[in-house]
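Enquirer: The structure follows.
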Amino acid sequence: MTKVAAVQAAPVWMDAKGTLEKTIALIEDAGRQDIELLAFGEVWLPGYPFTIWLQPPMAAMDIVMAHRQNAITVDGPEMRAVGEAAKRAGTWVMLGFAERDRGSIYCSQALLDDRGEVVMTRRKLRPTHMERTVWGEGPATDLRVVEAPFGRIGGLNCWENIQPLNRQGMFQLGEQIHVASWPSFGMFKGVRSAYCLSAAANLNESASYALEGGCFVIAANSIISEDSLDSITLGDPNIRALVSAGGGAAAVFAPDGFRMTDPIDEFTDGFATAEIDLAMIEGAKVFADPAGHYYRPDVARLVLEAQAGPAAANPPAPAPALRALPSEAAE
């Protein structure tokens with residue numbers, strides 16, 4: 001059995017130093033609880049730039065710049081400090097962070113082992129909608145799985161988790177423990193047209209990932225704190241009506257899609273903690289192995305080569321020109 005946990009907590013929003021201190025405290029707490037794998041939400045450090053969904057790009061530029069200025073590098077002092085905390089705690093850590101690489105920022109995940117070494121980093125392959133005004137794209141090779149003593153670990157950010165090709169790629173890599181890193185679900189609560197951004201919709205996606213992949217899913221996410229609301233909304237009372245404090249919804253799902261953890265109050269920092277047993281994966285794969293006996297590579301090739309993408313990207317082949325039959329030509 002392996003003890004794993006999804007973090008549900010509020011970062012010190014747009015403050016890398018303050019969020020780093022909180023990150024270290026959470027890792028130390030995980031060590032005291034003998035948690036072997038601790039997972040954080042999307043761009044936990046220094047926080048998700050919610051304002052880009054609420055204001056025109058130029059109006060939100062102060063937040064975009066704050067996000068950039070608080071992004072960290074893979075080999076920088078902040079990551080080393082996280083590694084030192086992981087080593088002291090004896091805990092593997094999947095960290096969601098804003099990554100700076102020269103002049104660009106990426107939505108990234110880093111996996112650190114219990115010796116404090118960074119064993120994997122990856123970038124979100126395609127930022128979603130307004131996120132493209134902030135982050136660059138990750139390379140296609142950033143579908144990755146790492147072998148740990150307690151299983152093969154992978155991760156995706158937010159709506160990367162709903163993309164069929166991303167899922168299939170991770171399943172093909174033999175993923176056993178998946179970290180789904182989500183932001184807070186505190187925006188647009190109760191707005192019917194924004195149901196796709198709700199906690200309910202996205203927890204369903206985490207559960208379906210577990211069921212489809214026959215793997216464990218650790219769904220971590222952040223909380224919007226009351227004291228960050230004015231900054232997120234730039235003090236606009238009309239926009240304030242669209243954002244709420246809270247939005248926490250961390251959970252762990254079993255390979256049959258069953259939720260293994262009780263809900264935590266959406267306003268409260270905490271861990272969604274579960275004991276997982278890889279033997280449960282064997283039970284799931286008896287029925288459906290999406291990378292093995294339940295997979296049809298011939299169908300996948302047909303779909304990708306002949307039917308995928310917008311119609312304009314796959315125009316129908318022109319009809320062959322009519323030719324006269326030999327007898328007709330002779331006449």
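Ordering of the structure tokens sets the chain letters (A, B, ...); residue numbers start at 1 within each chain; ligands are numbered from 1 in the order shown.
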Which parts of region 20-268 of chain A does DSSP call helix (DSSP H, G or I) when run on the backbone here, written out as a short mmCIF file (atom, residue, chain, number, x, y, z; two decimals) with N, CA, C and O atoms, in the first residue's frame?
Expert:
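New file out.cif:
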data_model
loop_
_atom_site.label_atom_id
_atom_site.label_comp_id
_atom_site.auth_asym_id
_atom_site.auth_seq_id
_atom_site.Cartn_x
_atom_site.Cartn_y
_atom_site.Cartn_z
N LEU A 20 6.25 29.68 -1.85
CA LEU A 20 7.31 28.71 -1.59
C LEU A 20 7.34 28.33 -0.12
O LEU A 20 7.46 27.14 0.23
N GLU A 21 7.24 29.31 0.76
CA GLU A 21 7.24 29.02 2.20
C GLU A 21 6.07 28.10 2.56
O GLU A 21 6.22 27.16 3.35
N LYS A 22 4.91 28.36 1.97
CA LYS A 22 3.74 27.51 2.25
C LYS A 22 3.94 26.12 1.65
O LYS A 22 3.54 25.11 2.25
N THR A 23 4.55 26.04 0.47
CA THR A 23 4.83 24.75 -0.16
C THR A 23 5.70 23.89 0.75
O THR A 23 5.41 22.70 0.96
N ILE A 24 6.74 24.48 1.27
CA ILE A 24 7.65 23.74 2.15
C ILE A 24 6.92 23.26 3.40
O ILE A 24 7.08 22.11 3.83
N ALA A 25 6.07 24.12 3.96
CA ALA A 25 5.31 23.73 5.16
C ALA A 25 4.38 22.55 4.86
O ALA A 25 4.24 21.63 5.66
N LEU A 26 3.73 22.57 3.68
CA LEU A 26 2.83 21.47 3.30
C LEU A 26 3.60 20.17 3.08
O LEU A 26 3.14 19.09 3.47
N ILE A 27 4.77 20.26 2.47
CA ILE A 27 5.59 19.06 2.27
C ILE A 27 6.05 18.49 3.61
O ILE A 27 6.02 17.27 3.83
N GLU A 28 6.44 19.37 4.50
CA GLU A 28 6.86 18.90 5.83
C GLU A 28 5.70 18.22 6.56
O GLU A 28 5.88 17.19 7.22
N ASP A 29 4.49 18.79 6.41
CA ASP A 29 3.31 18.18 7.01
C ASP A 29 3.06 16.80 6.40
O ASP A 29 2.72 15.84 7.11
N ALA A 30 3.22 16.70 5.08
CA ALA A 30 3.05 15.41 4.41
C ALA A 30 4.04 14.38 4.94
O ALA A 30 3.70 13.21 5.14
N GLY A 31 5.27 14.81 5.19
CA GLY A 31 6.27 13.90 5.74
C GLY A 31 5.87 13.38 7.11
O GLY A 31 6.05 12.18 7.41
N ARG A 32 5.33 14.25 7.93
CA ARG A 32 4.89 13.83 9.27
C ARG A 32 3.73 12.82 9.19
O ARG A 32 3.56 11.99 10.09
N PHE A 50 -6.23 34.05 -12.64
CA PHE A 50 -7.66 34.03 -12.96
C PHE A 50 -8.13 35.27 -13.72
O PHE A 50 -9.08 35.21 -14.50
N THR A 51 -7.48 36.38 -13.50
CA THR A 51 -7.92 37.67 -14.06
C THR A 51 -8.02 37.63 -15.57
O THR A 51 -8.83 38.35 -16.16
N ILE A 52 -7.22 36.79 -16.23
CA ILE A 52 -7.23 36.76 -17.70
C ILE A 52 -8.57 36.29 -18.26
O ILE A 52 -8.88 36.57 -19.43
N TRP A 53 -9.38 35.59 -17.44
CA TRP A 53 -10.70 35.15 -17.87
C TRP A 53 -11.78 36.20 -17.58
O TRP A 53 -12.93 36.04 -18.01
N MET A 61 -3.20 43.16 -17.81
CA MET A 61 -1.76 43.08 -18.00
C MET A 61 -0.97 43.18 -16.69
O MET A 61 0.09 42.57 -16.56
N ASP A 62 -1.46 43.91 -15.71
CA ASP A 62 -0.74 43.99 -14.43
C ASP A 62 -0.62 42.60 -13.79
O ASP A 62 0.42 42.26 -13.22
N ILE A 63 -1.67 41.80 -13.88
CA ILE A 63 -1.65 40.44 -13.32
C ILE A 63 -0.76 39.54 -14.16
O ILE A 63 -0.01 38.71 -13.63
N VAL A 64 -0.84 39.69 -15.48
CA VAL A 64 0.03 38.90 -16.37
C VAL A 64 1.50 39.18 -16.03
O VAL A 64 2.32 38.26 -15.94
N MET A 65 1.83 40.44 -15.82
CA MET A 65 3.21 40.80 -15.49
C MET A 65 3.61 40.27 -14.12
O MET A 65 4.73 39.80 -13.91
N ALA A 66 2.70 40.34 -13.16
CA ALA A 66 2.99 39.80 -11.83
C ALA A 66 3.23 38.30 -11.90
O ALA A 66 4.13 37.76 -11.23
N HIS A 67 2.44 37.62 -12.72
CA HIS A 67 2.61 36.18 -12.90
C HIS A 67 3.99 35.89 -13.51
O HIS A 67 4.70 34.98 -13.05
N ARG A 68 4.37 36.66 -14.51
CA ARG A 68 5.69 36.48 -15.13
C ARG A 68 6.82 36.72 -14.13
O ARG A 68 7.78 35.97 -14.06
N GLN A 69 6.69 37.78 -13.38
CA GLN A 69 7.75 38.16 -12.45
C GLN A 69 7.91 37.16 -11.31
O GLN A 69 8.98 37.09 -10.69
N PRO A 77 16.67 28.60 -7.34
CA PRO A 77 16.70 28.38 -5.89
C PRO A 77 15.37 27.89 -5.32
O PRO A 77 15.36 27.14 -4.35
N GLU A 78 14.26 28.30 -5.92
CA GLU A 78 12.96 27.86 -5.41
C GLU A 78 12.79 26.36 -5.59
O GLU A 78 12.35 25.66 -4.66
N MET A 79 13.15 25.84 -6.77
CA MET A 79 13.02 24.40 -7.00
C MET A 79 13.98 23.62 -6.11
O MET A 79 13.64 22.53 -5.62
N ARG A 80 15.16 24.17 -5.90
CA ARG A 80 16.10 23.50 -4.99
C ARG A 80 15.53 23.43 -3.57
O ARG A 80 15.68 22.42 -2.87
N ALA A 81 14.86 24.50 -3.15
CA ALA A 81 14.26 24.52 -1.81
C ALA A 81 13.14 23.49 -1.71
O ALA A 81 12.98 22.82 -0.67
N VAL A 82 12.35 23.33 -2.77
CA VAL A 82 11.31 22.31 -2.77
C VAL A 82 11.94 20.92 -2.69
O VAL A 82 11.48 20.04 -1.95
N GLY A 83 13.04 20.72 -3.43
CA GLY A 83 13.74 19.44 -3.38
C GLY A 83 14.29 19.13 -2.00
O GLY A 83 14.21 17.99 -1.52
N GLU A 84 14.84 20.13 -1.35
CA GLU A 84 15.37 19.92 0.01
C GLU A 84 14.25 19.55 0.97
O GLU A 84 14.43 18.68 1.84
N ALA A 85 13.08 20.18 0.80
CA ALA A 85 11.94 19.85 1.66
C ALA A 85 11.46 18.42 1.40
O ALA A 85 11.13 17.68 2.33
N ALA A 86 11.42 18.03 0.12
CA ALA A 86 11.01 16.67 -0.23
C ALA A 86 11.97 15.64 0.36
O ALA A 86 11.55 14.59 0.88
N LYS A 87 13.24 15.96 0.33
CA LYS A 87 14.24 15.04 0.89
C LYS A 87 14.07 14.91 2.40
O LYS A 87 14.11 13.80 2.95
N ARG A 88 13.89 16.03 3.08
CA ARG A 88 13.71 15.98 4.54
C ARG A 88 12.45 15.18 4.91
O ARG A 88 12.43 14.43 5.89
N ALA A 89 11.40 15.35 4.10
CA ALA A 89 10.13 14.68 4.39
C ALA A 89 10.13 13.22 3.94
O ALA A 89 9.29 12.44 4.39
N HIS A 129 -7.65 28.46 -24.32
CA HIS A 129 -8.35 29.73 -24.56
C HIS A 129 -7.52 30.92 -24.09
O HIS A 129 -6.43 31.17 -24.63
N MET A 130 -7.97 31.65 -23.06
CA MET A 130 -7.28 32.86 -22.64
C MET A 130 -5.87 32.59 -22.10
O MET A 130 -5.04 33.50 -22.04
N GLU A 131 -5.60 31.37 -21.69
CA GLU A 131 -4.26 31.04 -21.19
C GLU A 131 -3.18 31.25 -22.24
O GLU A 131 -2.01 31.44 -21.91
N ARG A 132 -3.58 31.25 -23.52
CA ARG A 132 -2.59 31.43 -24.60
C ARG A 132 -2.04 32.84 -24.62
O ARG A 132 -1.05 33.11 -25.31
N THR A 133 -2.67 33.76 -23.88
CA THR A 133 -2.13 35.12 -23.77
C THR A 133 -1.02 35.18 -22.71
O THR A 133 -0.38 36.23 -22.56
N ALA A 140 5.55 18.09 -27.98
CA ALA A 140 4.78 16.85 -28.04
C ALA A 140 5.40 15.75 -27.18
O ALA A 140 4.71 14.84 -26.73
N THR A 141 6.70 15.86 -26.94
CA THR A 141 7.39 14.85 -26.12
C THR A 141 7.07 14.96 -24.64
O THR A 141 7.53 14.14 -23.84
N ASP A 142 6.28 15.97 -24.25
CA ASP A 142 5.98 16.17 -22.83
C ASP A 142 4.78 15.36 -22.34
O ASP A 142 4.12 15.74 -21.36
N CYS A 158 -4.97 20.48 -15.89
CA CYS A 158 -6.31 20.98 -16.20
C CYS A 158 -6.91 20.28 -17.42
O CYS A 158 -7.02 19.06 -17.44
N TRP A 159 -7.27 21.02 -18.46
CA TRP A 159 -7.99 20.42 -19.58
C TRP A 159 -7.10 19.59 -20.50
O TRP A 159 -7.61 19.03 -21.49
N GLU A 160 -5.82 19.48 -20.22
CA GLU A 160 -5.06 18.43 -20.89
C GLU A 160 -5.68 17.08 -20.56
O GLU A 160 -5.58 16.13 -21.35
N ASN A 161 -6.31 16.99 -19.38
CA ASN A 161 -6.88 15.73 -18.93
C ASN A 161 -8.12 15.31 -19.72
O ASN A 161 -8.55 14.16 -19.60
N ILE A 162 -8.72 16.21 -20.50
CA ILE A 162 -9.92 15.82 -21.25
C ILE A 162 -9.59 15.49 -22.70
O ILE A 162 -10.48 15.06 -23.44
N PRO A 164 -8.52 13.36 -25.68
CA PRO A 164 -8.38 11.92 -25.91
C PRO A 164 -6.97 11.47 -26.30
O PRO A 164 -6.50 10.43 -25.83
N LEU A 165 -6.28 12.25 -27.12
CA LEU A 165 -4.93 11.84 -27.54
C LEU A 165 -3.95 11.88 -26.37
O LEU A 165 -3.08 11.01 -26.25
N ASN A 166 -4.08 12.90 -25.52
CA ASN A 166 -3.21 12.96 -24.34
C ASN A 166 -3.44 11.74 -23.45
O ASN A 166 -2.49 11.10 -22.98
N ARG A 167 -4.69 11.44 -23.21
CA ARG A 167 -5.02 10.28 -22.38
C ARG A 167 -4.43 9.01 -22.97
O ARG A 167 -3.77 8.23 -22.27
N GLN A 168 -4.68 8.79 -24.25
CA GLN A 168 -4.21 7.55 -24.86
C GLN A 168 -2.69 7.46 -24.81
O GLN A 168 -2.12 6.39 -24.56
N GLY A 169 -2.02 8.60 -25.00
CA GLY A 169 -0.57 8.59 -24.92
C GLY A 169 -0.07 8.18 -23.55
O GLY A 169 0.88 7.39 -23.42
N MET A 170 -0.71 8.70 -22.51
CA MET A 170 -0.32 8.33 -21.15
C MET A 170 -0.62 6.87 -20.86
O MET A 170 0.18 6.16 -20.22
N PHE A 171 -1.76 6.39 -21.35
CA PHE A 171 -2.08 4.98 -21.13
C PHE A 171 -1.07 4.08 -21.83
O PHE A 171 -0.66 3.04 -21.29
N GLN A 172 -0.65 4.47 -23.04
CA GLN A 172 0.34 3.68 -23.79
C GLN A 172 1.67 3.61 -23.04
O GLN A 172 2.43 2.64 -23.20
N ARG A 192 -24.80 28.68 -15.57
CA ARG A 192 -25.09 27.49 -16.38
C ARG A 192 -24.21 27.40 -17.61
O ARG A 192 -23.73 26.32 -17.97
N SER A 193 -23.95 28.53 -18.27
CA SER A 193 -23.17 28.50 -19.50
C SER A 193 -21.70 28.20 -19.24
O SER A 193 -20.95 27.94 -20.18
N ALA A 194 -21.28 28.25 -17.96
CA ALA A 194 -19.89 27.95 -17.61
C ALA A 194 -19.78 26.65 -16.82
O ALA A 194 -18.81 26.46 -16.09
N TYR A 195 -20.77 25.76 -16.97
CA TYR A 195 -20.74 24.50 -16.23
C TYR A 195 -19.45 23.72 -16.50
O TYR A 195 -18.92 23.04 -15.61
N CYS A 196 -18.91 23.84 -17.70
CA CYS A 196 -17.69 23.10 -18.05
C CYS A 196 -16.51 23.50 -17.18
O CYS A 196 -15.52 22.76 -17.10
N LEU A 197 -16.58 24.65 -16.50
CA LEU A 197 -15.50 25.10 -15.63
C LEU A 197 -15.77 24.80 -14.16
O LEU A 197 -15.00 25.20 -13.29
N ALA A 199 -16.50 22.59 -10.57
CA ALA A 199 -15.88 21.46 -9.86
C ALA A 199 -16.54 20.15 -10.26
O ALA A 199 -15.87 19.15 -10.50
N ALA A 200 -17.87 20.15 -10.37
CA ALA A 200 -18.59 18.92 -10.70
C ALA A 200 -18.14 18.37 -12.06
O ALA A 200 -17.84 17.17 -12.19
N ALA A 201 -18.08 19.23 -13.07
CA ALA A 201 -17.71 18.77 -14.41
C ALA A 201 -16.29 18.24 -14.43
O ALA A 201 -16.01 17.19 -15.04
N ASN A 202 -15.38 18.93 -13.78
CA ASN A 202 -13.98 18.54 -13.89
C ASN A 202 -13.61 17.38 -12.96
O ASN A 202 -12.70 16.61 -13.28
N LEU A 203 -14.32 17.22 -11.86
CA LEU A 203 -14.13 16.00 -11.08
C LEU A 203 -14.64 14.79 -11.85
O LEU A 203 -14.06 13.69 -11.76
N ASN A 204 -15.71 14.98 -12.63
CA ASN A 204 -16.16 13.89 -13.50
C ASN A 204 -15.07 13.48 -14.48
O ASN A 204 -14.89 12.30 -14.78
N GLU A 205 -14.33 14.47 -14.97
CA GLU A 205 -13.24 14.17 -15.90
C GLU A 205 -12.14 13.38 -15.21
O GLU A 205 -11.56 12.45 -15.79
N SER A 206 -11.81 13.73 -13.97
CA SER A 206 -10.79 12.97 -13.23
C SER A 206 -11.25 11.54 -13.01
O SER A 206 -10.47 10.59 -13.14
N ALA A 207 -12.52 11.39 -12.64
CA ALA A 207 -13.05 10.04 -12.42
C ALA A 207 -13.05 9.24 -13.71
O ALA A 207 -12.71 8.04 -13.72
N SER A 208 -13.41 9.88 -14.82
CA SER A 208 -13.46 9.15 -16.08
C SER A 208 -12.06 8.79 -16.56
O SER A 208 -11.85 7.75 -17.17
N TYR A 209 -11.07 9.65 -16.26
CA TYR A 209 -9.68 9.33 -16.60
C TYR A 209 -9.27 8.05 -15.86
O TYR A 209 -8.66 7.14 -16.45
N ALA A 210 -9.60 7.97 -14.58
CA ALA A 210 -9.25 6.78 -13.79
C ALA A 210 -9.93 5.53 -14.37
O ALA A 210 -9.29 4.48 -14.54
N LEU A 211 -11.21 5.65 -14.68
CA LEU A 211 -11.96 4.51 -15.21
C LEU A 211 -11.44 4.11 -16.58
O LEU A 211 -11.23 2.92 -16.86
N GLU A 212 -11.22 5.08 -17.44
CA GLU A 212 -10.77 4.80 -18.80
C GLU A 212 -9.35 4.22 -18.81
O GLU A 212 -9.07 3.28 -19.55
N GLY A 213 -8.48 4.76 -17.97
CA GLY A 213 -7.09 4.33 -17.99
C GLY A 213 -6.79 3.16 -17.08
O GLY A 213 -5.70 2.58 -17.14
N GLU A 226 -10.06 34.69 0.30
CA GLU A 226 -10.87 35.91 0.38
C GLU A 226 -10.00 37.15 0.18
O GLU A 226 -10.43 38.11 -0.49
N ASP A 227 -8.78 37.12 0.72
CA ASP A 227 -7.94 38.32 0.64
C ASP A 227 -7.30 38.52 -0.73
O ASP A 227 -6.64 39.54 -0.96
N SER A 228 -7.48 37.56 -1.65
CA SER A 228 -6.95 37.76 -3.01
C SER A 228 -8.01 38.25 -3.99
O SER A 228 -7.68 38.60 -5.13
N LEU A 229 -9.26 38.31 -3.57
CA LEU A 229 -10.35 38.61 -4.50
C LEU A 229 -10.24 40.01 -5.11
O LEU A 229 -10.49 40.20 -6.30
N ASP A 230 -9.87 41.00 -4.31
CA ASP A 230 -9.75 42.35 -4.86
C ASP A 230 -8.68 42.42 -5.93
O ASP A 230 -8.86 43.09 -6.96
N SER A 231 -7.57 41.72 -5.72
CA SER A 231 -6.50 41.72 -6.72
C SER A 231 -6.93 40.97 -7.98
O SER A 231 -6.68 41.41 -9.10
N ILE A 232 -7.59 39.83 -7.80
CA ILE A 232 -8.04 39.04 -8.95
C ILE A 232 -9.02 39.83 -9.81
O ILE A 232 -8.96 39.79 -11.05
N THR A 233 -9.91 40.56 -9.17
CA THR A 233 -10.96 41.29 -9.90
C THR A 233 -10.59 42.74 -10.20
O THR A 233 -11.40 43.48 -10.78
N PRO A 237 -16.46 45.80 -9.01
CA PRO A 237 -17.56 45.11 -8.32
C PRO A 237 -18.39 44.24 -9.25
O PRO A 237 -18.96 43.23 -8.83
N ASN A 238 -18.50 44.60 -10.53
CA ASN A 238 -19.25 43.78 -11.48
C ASN A 238 -18.56 42.44 -11.71
O ASN A 238 -19.19 41.39 -11.76
N ILE A 239 -17.23 42.47 -11.82
CA ILE A 239 -16.48 41.23 -12.01
C ILE A 239 -16.45 40.44 -10.71
O ILE A 239 -16.45 39.19 -10.72
N ARG A 240 -16.46 41.16 -9.59
CA ARG A 240 -16.45 40.49 -8.29
C ARG A 240 -17.61 39.51 -8.16
O ARG A 240 -17.50 38.47 -7.49
#
Enquirer: Neighbours of Gly283 (chain A) within 9 Å (only C-alpha atoms; same-chain residues fewer than 5 positions away dropped), as a list in words?
Expert: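 Skipping anything fewer than 5 positions along the chain leaves Gly214, Pro255 and Asp256 of chain A.
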Enquirer: One number please: CA of Met1 (chain A) to CA of Glu42 (chain A), in Å, one decimal.
Expert: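 About the pair CA of Met1 (chain A) and CA of Glu42 (chain A): they are 26.6 Å apart.
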Enquirer: Residues of region 61-253 of chain A in strand (DSSP E or B) according to DSSP, as a PyMOL selection string?
Expert: chain A and resi 72+92-101+104-112+118-123+145-148+151-157+177-181+187+216-222+224+243+246+251-253
Enquirer: With only C-alpha atoms as the basis for distance, which of A:Phe267, A:Leu242, A:Ser225, A:Ala10 is at the shortest distance from Leu54 (chain A)?
Expert: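 Using only C-alpha atoms, the shortest distance to Leu54 (chain A) belongs to A:Leu242.
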Enquirer: Need to verify the contact set: Asn157 (chain A), 9 Å, only C-alpha atoms, exclusion of same-chain residues closer than 2 positions in sequence. Can you return it as an MDAnalysis selection string?
Expert: chainID A and resid 41:43 96 107:109 123:125 155 159:161 179:183
Enquirer: Could the residues in this selection be written to a file with N, CA, C and O atoms, as a short mmCIF file (atom, residue, chain, number, x, y, z; two decimals), in the first residue's frame?
Expert:
data_model
loop_
_atom_site.label_atom_id
_atom_site.label_comp_id
_atom_site.auth_asym_id
_atom_site.auth_seq_id
_atom_site.Cartn_x
_atom_site.Cartn_y
_atom_site.Cartn_z
N GLY A 41 -1.74 21.54 -7.30
CA GLY A 41 -2.58 21.93 -8.43
C GLY A 41 -1.82 22.69 -9.51
O GLY A 41 -0.62 22.96 -9.42
N GLU A 42 -2.58 23.10 -10.53
CA GLU A 42 -2.02 23.79 -11.69
C GLU A 42 -1.42 25.14 -11.27
O GLU A 42 -2.05 25.92 -10.56
N VAL A 43 -0.21 25.41 -11.76
CA VAL A 43 0.57 26.61 -11.41
C VAL A 43 0.34 27.03 -9.96
O VAL A 43 0.12 28.21 -9.66
N GLY A 96 3.03 21.86 -9.34
CA GLY A 96 2.56 22.69 -10.44
C GLY A 96 3.15 24.08 -10.29
O GLY A 96 3.07 24.68 -9.22
N CYS A 107 3.14 26.72 -18.35
CA CYS A 107 2.39 26.05 -17.29
C CYS A 107 2.98 24.66 -17.14
O CYS A 107 2.77 23.80 -17.99
N SER A 108 3.72 24.43 -16.05
CA SER A 108 4.57 23.24 -15.96
C SER A 108 4.28 22.41 -14.71
O SER A 108 3.67 22.88 -13.75
N GLN A 109 4.75 21.18 -14.77
CA GLN A 109 4.76 20.27 -13.63
C GLN A 109 6.17 19.73 -13.47
O GLN A 109 6.86 19.46 -14.46
N ARG A 123 5.64 20.51 -19.72
CA ARG A 123 4.87 21.74 -19.93
C ARG A 123 3.52 21.41 -20.55
O ARG A 123 3.41 20.48 -21.35
N LYS A 124 2.53 22.18 -20.18
CA LYS A 124 1.19 22.02 -20.76
C LYS A 124 1.28 22.13 -22.28
O LYS A 124 1.84 23.09 -22.82
N LEU A 125 0.74 21.12 -22.97
CA LEU A 125 0.93 21.05 -24.42
C LEU A 125 0.22 22.18 -25.16
O LEU A 125 0.77 22.74 -26.09
N GLY A 155 1.52 12.96 -15.25
CA GLY A 155 0.67 14.08 -14.88
C GLY A 155 0.27 14.92 -16.07
O GLY A 155 0.98 14.97 -17.09
N TRP A 159 -7.27 21.02 -18.46
CA TRP A 159 -7.99 20.42 -19.58
C TRP A 159 -7.10 19.59 -20.50
O TRP A 159 -7.61 19.03 -21.49
N GLU A 160 -5.82 19.48 -20.22
CA GLU A 160 -5.06 18.43 -20.89
C GLU A 160 -5.68 17.08 -20.56
O GLU A 160 -5.58 16.13 -21.35
N ASN A 161 -6.31 16.99 -19.38
CA ASN A 161 -6.88 15.73 -18.93
C ASN A 161 -8.12 15.31 -19.72
O ASN A 161 -8.55 14.16 -19.60
N VAL A 179 -1.38 12.28 -11.88
CA VAL A 179 -1.65 13.53 -11.18
C VAL A 179 -2.37 14.48 -12.12
O VAL A 179 -1.80 14.90 -13.13
N ALA A 180 -3.62 14.76 -11.81
CA ALA A 180 -4.40 15.75 -12.55
C ALA A 180 -4.34 17.06 -11.75
O ALA A 180 -4.92 17.16 -10.68
N SER A 181 -3.60 18.03 -12.26
CA SER A 181 -3.42 19.30 -11.57
C SER A 181 -4.44 20.31 -12.09
O SER A 181 -4.42 20.66 -13.27
N TRP A 182 -5.31 20.78 -11.20
CA TRP A 182 -6.39 21.70 -11.56
C TRP A 182 -6.20 23.03 -10.83
O TRP A 182 -5.57 23.08 -9.78
N PRO A 183 -6.78 24.12 -11.36
CA PRO A 183 -6.82 25.38 -10.60
C PRO A 183 -7.99 25.34 -9.62
O PRO A 183 -8.62 24.30 -9.43
#
Enquirer: Out of A:Phe216, A:Phe258, A:Trp13, A:Tyr294, which residue has the shortest atom-to-atom distance to Phe150 (chain A) when counting only C-alpha atoms?
Expert: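 For Phe150 (chain A), the nearest of the candidates is A:Phe216.
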Enquirer: Which polymer residues have any atom within 8 Å of an atom of Ser104 (chain A), counting only C-alpha atoms, with same-chain residues fewer than 3 positions away left out, as a list in words?
Expert: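 Answer for this query is Arg100, Asp101, Trp135 and Gly136 of chain A.
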Enquirer: Write the selection just made, keeping all heavy atoms, as a tab-separated table (two decimals), in the first residue's frame?
Expert:
chain	number	residue	atom	x	y	z
A	100	ARG	N	9.68	29.82	-15.96
A	100	ARG	CA	10.34	30.78	-16.83
A	100	ARG	C	11.46	30.11	-17.59
A	100	ARG	O	12.28	29.39	-17.01
A	100	ARG	CB	10.92	31.94	-16.01
A	100	ARG	CG	11.82	32.88	-16.85
A	100	ARG	CD	12.32	34.06	-16.07
A	100	ARG	NE	11.22	34.97	-15.74
A	100	ARG	CZ	10.72	35.86	-16.60
A	100	ARG	NH1	11.19	35.95	-17.83
A	100	ARG	NH2	9.74	36.65	-16.24
A	101	ASP	N	11.47	30.31	-18.90
A	101	ASP	CA	12.57	29.86	-19.74
A	101	ASP	C	12.91	31.00	-20.67
A	101	ASP	O	12.18	31.27	-21.62
A	101	ASP	CB	12.19	28.60	-20.52
A	101	ASP	CG	13.35	28.04	-21.33
A	101	ASP	OD1	14.46	28.62	-21.29
A	101	ASP	OD2	13.15	27.02	-22.01
A	135	TRP	N	0.89	31.82	-21.50
A	135	TRP	CA	1.84	30.70	-21.54
A	135	TRP	C	2.12	30.24	-22.96
A	135	TRP	O	1.25	30.27	-23.83
A	135	TRP	CB	1.28	29.50	-20.76
A	135	TRP	CG	0.96	29.77	-19.34
A	135	TRP	CD1	1.66	30.57	-18.46
A	135	TRP	CD2	-0.16	29.26	-18.59
A	135	TRP	NE1	1.05	30.57	-17.22
A	135	TRP	CE2	-0.06	29.77	-17.27
A	135	TRP	CE3	-1.20	28.40	-18.90
A	135	TRP	CZ2	-0.98	29.46	-16.28
A	135	TRP	CZ3	-2.13	28.08	-17.91
A	135	TRP	CH2	-2.01	28.60	-16.62
A	136	GLY	N	3.35	29.77	-23.15
A	136	GLY	CA	3.71	29.10	-24.40
A	136	GLY	C	3.26	27.65	-24.37
A	136	GLY	O	2.76	27.14	-23.37
Enquirer: Considering only C-alpha atoms, state which residue in the set A:Gln176, A:Ser244, A:Gln8, A:Gln33 is at the smallest distance from Glu282 (chain A).
Expert: A:Gln176
Enquirer: Measuring between only C-alpha atoms, which one of A:Leu156, A:Ala245, A:Val217, A:Val134 shows the shortest distance to Met187 (chain A)?
Expert: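 Looking at the shortest contact to Met187 (chain A), the residue is A:Ala245.
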